[in-house]
Number of protein chains: 2
Amino acid sequence: MAPPKVFVGSTNIAPWMGDAVRAAGADVIDDPAQAQAIVWSDPFDVDGLRAVLSAATDAGWVQLPWAGVEHYAAAGIFDDGRTWTCGKGVYAEPVAEHALALLLAGLRDFPERVAATRWGRQSGRSLYEGRVTVLGGGGITEALLTLLAPFRVTTTVVRRRPAPMPGASRVVGADATLDALADADAVVLALALTPATAGVIDRTALDRMTEHAWLVNVARGGHVVTDDLVTALKDGAIGGAGLDVTDPEPLPEGHPLWDVPNCIITPHTANTLEMARPILSARITENIRRFTSGEPLIGLVDPELGY
Amino acid sequence: MAPPKVFVGSTNIAPWMGDAVRAAGADVIDDPAQAQAIVWSDPFDVDGLRAVLSAATDAGWVQLPWAGVEHYAAAGIFDDGRTWTCGKGVYAEPVAEHALALLLAGLRDFPERVAATRWGRQSGRSLYEGRVTVLGGGGITEALLTLLAPFRVTTTVVRRRPAPMPGASRVVGADATLDALADADAVVLALALTPATAGVIDRTALDRMTEHAWLVNVARGGHVVTDDLVTALKDGAIGGAGLDVTDPEPLPEGHPLWDVPNCIITPHTANTLEMARPILSARITENIRRFTSGEPLIGLVDPELGY
């Protein structure tokens, strides 16, 4: 079969996307009218994509960059005439990595070490043979369990429907949340924000955690009752907190969370496009290969559901 | 076979060692004269061990706590009349974990985040699909390669004899060190300090590293020419450094390394007895089990060589 002709919008924004297409043996072309497929780099440029699509009448497949495609869904871009894919699943890995980074940095007292200007006392905890509880059973948790596996930790996953997950020592339902917090060396929040999960980490939950346990949030700020967390950190009720998300977010200057000890705050940087680039690049190459050989594509968007 | 009688010196210092012995079904006894084996908790108490040994005439096996037994070797404790084991291999895992913690914290700009008192810019790098070069091919590197595996990194191990290592993408000899530094996102030092490796990371080596690369040292401070590192960090020649060991060590107050940006210094805490406790505990239980069933013990010390 001849190599497919792929329009990449746009190679001057994201030349690496062109490289990813060519890596699978396809041709990158300049005229959307001749394209059999479109690889789109901009997560927000609805008008730009609409213009390309109107020219690209023969393109049967469109690859979008990010996991979330709500902007394009809201604009009514999706239709049944083409196959749509997005970066679904690609972004879970850097977020899981960030969770592990916050976890290790916390257990090993990096906040104290970074601030130090003199040789300090011996301290820190190892994750090996420890206990980790993860709230949420989606892609981030899957990736995190893979990263945690070599540490031989006992992992408890709390999810709405307690179906088993590969790599989890046990999976429990949401009604067992407080018990699952009680013996953990670290608690990672990687669940969706819903009315049922908002404020799940409140004073009651924090009181159930052990004094050395670290709380890591790579989900949404609203999962944690911030005032309760500030109190817990000030009182030493838990070991510390690593937060990539906060409530409010962005966390305003002067907020007490900036000043409590044993807290690492990252400004929602668990995943950036730059971080995900090599992984998305590999995904694009794989999808072009599948497109060429007629295999099912990865990361399909349902045009009806819009995700 | 009756459960073996084990003297643990001492259970009031390390009650968990008694637990580890009992977990294998052995009896912990108070009188060394009746002991068939001795589990010793103190890495330095030569006189204490000598006193116990003189009473423990029937004890055919002695388990020492740490990997390094140079104090006992220097004191002439070892003899051919008993089997000697130590914590050899147990400590590599927490050290590898610390290296990963420094690496992830560095790539994700945690020094800047910890110091911040306001929401910051997007930044950071992911380790996924990246390149890591490790100097040294011993137990720490083995453990580190296991931790790195889920990140699908390309790993280059530099060792004296470039024999393949499981999990390493490639292994090269020491003569290829500079080339191995050139394309790495992170360089980890996990090698022994010898006249040949002292100062291996000097200005020439630092100049070969990329501007974003982090240097992590969990080996010995003498591997790095400290003044050259300070210059490289000040000039932005490399991304940063995570150092668990320094030269001089302890790093004195007022030393310029405390003030350079993008540097995390931990006070030789990659491994503490507390961190290694669960792993050493599992090792003791396993060795007691093996002793009971007559299987070869793990972590044998050669009385002649003294390690």
# chains A, B, ... in the order shown; residues from 1 in each chain; ligands from 1

call {"tool": "closest_atom_pairs", "arguments": {"of": "chain B", "to": "chain A", "cutoff": "7 Å", "atoms": "only C-alpha atoms", "output": "tab-separated table"}}
result
residue	atom	partner	partner_atom	distance
B:Pro94	CA	A:Ser126	CA	6.2
B:Ala101	CA	A:Leu104	CA	5.4
B:Leu104	CA	A:Ala101	CA	5.4
B:Ala105	CA	A:Ala101	CA	6.0
B:Pro111	CA	A:Val114	CA	6.0
B:Arg113	CA	A:Thr266	CA	5.9
B:Val114	CA	A:Ile264	CA	5.6
B:Thr117	CA	A:Trp258	CA	5.4
B:Arg118	CA	A:Glu253	CA	5.2
B:Trp119	CA	A:Pro267	CA	5.6
B:Gly120	CA	A:Pro267	CA	5.8
B:Gln122	CA	A:Thr269	CA	5.9
B:Ser123	CA	A:Thr269	CA	6.7
B:Arg125	CA	A:Met275	CA	5.4
B:Ser126	CA	A:Met275	CA	5.0
B:Glu129	CA	A:Pro278	CA	6.6
B:Thr146	CA	A:Pro150	CA	6.5
B:Leu147	CA	A:Pro150	CA	5.9
B:Pro150	CA	A:Leu147	CA	5.8
B:Pro250	CA	A:Trp119	CA	6.1
B:Leu251	CA	A:Trp119	CA	6.2
B:Pro252	CA	A:Arg118	CA	6.7
B:Glu253	CA	A:Arg118	CA	5.2
B:Trp258	CA	A:Thr117	CA	5.4
B:Ile264	CA	A:Val114	CA	5.6
B:Ile265	CA	A:Arg113	CA	6.3
B:Thr266	CA	A:Arg113	CA	5.9
B:Pro267	CA	A:Trp119	CA	5.6
B:Thr269	CA	A:Gln122	CA	5.9
B:Met275	CA	A:Ser126	CA	5.0
B:Pro278	CA	A:Glu129	CA	6.7

call {"tool": "select_by_dssp", "arguments": {"residues": "segment 154-260 of chain A", "states": "strand (DSSP E)", "output": "VMD selection string"}}
result
chain A and resid 154 to 158 170 to 172 186 to 189 214 to 217 240 to 243

call {"tool": "residues_around", "arguments": {"residues": "Trp84 of chain A", "least_positions_apart": "3", "cutoff": "10 Å", "atoms": "only C-alpha atoms", "output": "ChimeraX atom specification"}}
result
/A:38,60-64,78-81,297-303,306-307

call {"tool": "atom_distance", "arguments": {"atom1": "atom CA of Glu211 of chain A", "atom2": "atom CA of Ala96 of chain B"}}
result
25.5 Å

call {"tool": "select_by_dssp", "arguments": {"residues": "segment 26-132 of chain A", "states": "helix (DSSP H, G or I)", "output": "PyMOL selection string"}}
result
chain A and resi 32-34+46-55+70-74+92-107+110-115

call {"tool": "write_last_selection", "arguments": {"atoms": "C-alpha atoms", "output": "short mmCIF file (atom, residue, chain, number, x, y, z; two decimals), in the first residue's frame"}}
result
data_model
loop_
_atom_site.label_atom_id
_atom_site.label_comp_id
_atom_site.auth_asym_id
_atom_site.auth_seq_id
_atom_site.Cartn_x
_atom_site.Cartn_y
_atom_site.Cartn_z
CA PRO A 32 -5.33 19.41 3.08
CA ALA A 33 -7.43 18.72 -0.05
CA GLN A 34 -5.15 15.77 -0.84
CA VAL A 46 -11.52 25.41 16.57
CA ASP A 47 -11.74 27.84 13.63
CA GLY A 48 -8.41 26.68 12.23
CA LEU A 49 -9.46 23.04 12.30
CA ARG A 50 -12.84 23.87 10.77
CA ALA A 51 -11.12 25.59 7.84
CA VAL A 52 -8.81 22.63 7.27
CA LEU A 53 -11.68 20.15 7.49
CA SER A 54 -13.72 22.00 4.89
CA ALA A 55 -10.83 21.60 2.46
CA GLU A 70 -14.42 19.52 25.02
CA HIS A 71 -13.65 22.69 23.02
CA TYR A 72 -14.08 20.83 19.75
CA ALA A 73 -17.13 18.94 21.03
CA ALA A 74 -18.80 22.18 22.13
CA ALA A 92 -1.81 9.61 32.55
CA GLU A 93 1.86 8.62 32.64
CA PRO A 94 3.45 12.02 33.33
CA VAL A 95 0.78 12.67 35.97
CA ALA A 96 1.52 9.36 37.67
CA GLU A 97 5.22 10.22 37.49
CA HIS A 98 4.53 13.55 39.17
CA ALA A 99 2.59 11.81 41.92
CA LEU A 100 5.54 9.48 42.51
CA ALA A 101 7.94 12.45 42.49
CA LEU A 102 5.89 14.29 45.13
CA LEU A 103 5.57 11.11 47.17
CA LEU A 104 9.29 10.31 47.20
CA ALA A 105 10.25 13.95 47.77
CA GLY A 106 7.87 14.08 50.71
CA LEU A 107 8.89 10.83 52.38
CA PHE A 110 13.09 17.26 50.47
CA PRO A 111 11.21 20.41 51.54
CA GLU A 112 13.47 20.61 54.60
CA ARG A 113 16.55 19.70 52.53
CA VAL A 114 15.91 22.29 49.83
CA ALA A 115 15.54 25.02 52.44
#

call {"tool": "residues_around", "arguments": {"residues": "segment 197-207 of chain B", "least_positions_apart": "3", "cutoff": "9 Å", "atoms": "only C-alpha atoms", "output": "number ranges by chain"}}
result
B: 177-178, 181-182, 191-194, 210-211, 220-229, 231-232, 237-238

call {"tool": "decode", "arguments": {"residues": "segment 20-41 of chain A", "atoms": "N, CA, C and O atoms", "output": "mmCIF file, in the first residue's frame"}}
result
data_model
loop_
_atom_site.group_PDB
_atom_site.id
_atom_site.type_symbol
_atom_site.label_atom_id
_atom_site.label_comp_id
_atom_site.auth_asym_id
_atom_site.auth_seq_id
_atom_site.Cartn_x
_atom_site.Cartn_y
_atom_site.Cartn_z
ATOM 1 N N ALA A 20 6.862 12.590 13.767
ATOM 2 C CA ALA A 20 6.167 11.393 14.265
ATOM 3 C C ALA A 20 5.391 10.711 13.142
ATOM 4 O O ALA A 20 5.300 9.484 13.089
ATOM 5 N N VAL A 21 4.826 11.525 12.233
ATOM 6 C CA VAL A 21 4.084 10.975 11.099
ATOM 7 C C VAL A 21 5.040 10.268 10.138
ATOM 8 O O VAL A 21 4.799 9.133 9.706
ATOM 9 N N ARG A 22 6.134 10.954 9.831
ATOM 10 C CA ARG A 22 7.118 10.374 8.907
ATOM 11 C C ARG A 22 7.761 9.120 9.481
ATOM 12 O O ARG A 22 8.141 8.209 8.753
ATOM 13 N N ALA A 23 7.886 9.061 10.812
ATOM 14 C CA ALA A 23 8.508 7.892 11.455
ATOM 15 C C ALA A 23 7.724 6.610 11.155
ATOM 16 O O ALA A 23 8.274 5.512 11.211
ATOM 17 N N ALA A 24 6.434 6.765 10.846
ATOM 18 C CA ALA A 24 5.617 5.587 10.513
ATOM 19 C C ALA A 24 5.583 5.345 9.009
ATOM 20 O O ALA A 24 4.838 4.495 8.524
ATOM 21 N N GLY A 25 6.349 6.118 8.256
ATOM 22 C CA GLY A 25 6.437 5.889 6.812
ATOM 23 C C GLY A 25 5.447 6.681 5.979
ATOM 24 O O GLY A 25 5.386 6.508 4.754
ATOM 25 N N ALA A 26 4.662 7.554 6.615
ATOM 26 C CA ALA A 26 3.668 8.329 5.864
ATOM 27 C C ALA A 26 4.298 9.604 5.295
ATOM 28 O O ALA A 26 5.370 10.024 5.712
ATOM 29 N N ASP A 27 3.603 10.203 4.328
ATOM 30 C CA ASP A 27 4.060 11.461 3.731
ATOM 31 C C ASP A 27 3.326 12.632 4.364
ATOM 32 O O ASP A 27 2.094 12.619 4.473
ATOM 33 N N VAL A 28 4.097 13.640 4.751
ATOM 34 C CA VAL A 28 3.496 14.881 5.261
ATOM 35 C C VAL A 28 3.306 15.825 4.075
ATOM 36 O O VAL A 28 4.267 16.131 3.361
ATOM 37 N N ILE A 29 2.044 16.244 3.835
ATOM 38 C CA ILE A 29 1.755 17.079 2.667
ATOM 39 C C ILE A 29 1.217 18.438 3.108
ATOM 40 O O ILE A 29 0.738 18.598 4.232
ATOM 41 N N ASP A 30 1.285 19.408 2.176
ATOM 42 C CA ASP A 30 0.915 20.779 2.520
ATOM 43 C C ASP A 30 -0.539 21.112 2.190
ATOM 44 O O ASP A 30 -1.091 22.093 2.699
ATOM 45 N N ASP A 31 -1.144 20.305 1.329
ATOM 46 C CA ASP A 31 -2.487 20.627 0.854
ATOM 47 C C ASP A 31 -3.520 19.714 1.505
ATOM 48 O O ASP A 31 -3.584 18.519 1.199
ATOM 49 N N PRO A 32 -4.349 20.262 2.406
ATOM 50 C CA PRO A 32 -5.332 19.405 3.081
ATOM 51 C C PRO A 32 -6.277 18.716 2.102
ATOM 52 O O PRO A 32 -6.801 17.633 2.407
ATOM 53 N N ALA A 33 -6.494 19.309 0.920
ATOM 54 C CA ALA A 33 -7.428 18.722 -0.051
ATOM 55 C C ALA A 33 -6.971 17.338 -0.504
ATOM 56 O O ALA A 33 -7.775 16.529 -0.965
ATOM 57 N N GLN A 34 -5.662 17.069 -0.405
ATOM 58 C CA GLN A 34 -5.149 15.770 -0.837
ATOM 59 C C GLN A 34 -4.935 14.799 0.323
ATOM 60 O O GLN A 34 -4.466 13.681 0.128
ATOM 61 N N ALA A 35 -5.263 15.251 1.540
ATOM 62 C CA ALA A 35 -4.922 14.445 2.722
ATOM 63 C C ALA A 35 -5.893 13.299 2.932
ATOM 64 O O ALA A 35 -7.106 13.439 2.750
ATOM 65 N N GLN A 36 -5.334 12.147 3.338
ATOM 66 C CA GLN A 36 -6.170 11.027 3.770
ATOM 67 C C GLN A 36 -6.376 11.064 5.282
ATOM 68 O O GLN A 36 -7.282 10.430 5.804
ATOM 69 N N ALA A 37 -5.505 11.788 5.944
ATOM 70 C CA ALA A 37 -5.621 11.909 7.409
ATOM 71 C C ALA A 37 -5.100 13.277 7.836
ATOM 72 O O ALA A 37 -4.288 13.889 7.134
ATOM 73 N N ILE A 38 -5.586 13.729 8.993
ATOM 74 C CA ILE A 38 -5.150 15.008 9.549
ATOM 75 C C ILE A 38 -4.637 14.783 10.963
ATOM 76 O O ILE A 38 -5.295 14.118 11.769
ATOM 77 N N VAL A 39 -3.443 15.331 11.240
ATOM 78 C CA VAL A 39 -2.928 15.343 12.612
ATOM 79 C C VAL A 39 -2.923 16.793 13.059
ATOM 80 O O VAL A 39 -2.290 17.643 12.425
ATOM 81 N N TRP A 40 -3.663 17.091 14.153
ATOM 82 C CA TRP A 40 -3.903 18.471 14.544
ATOM 83 C C TRP A 40 -3.202 18.771 15.865
ATOM 84 O O TRP A 40 -3.344 18.029 16.828
ATOM 85 N N SER A 41 -2.443 19.867 15.901
ATOM 86 C CA SER A 41 -1.579 20.119 17.055
ATOM 87 C C SER A 41 -2.180 21.044 18.097
ATOM 88 O O SER A 41 -1.736 21.068 19.237
#
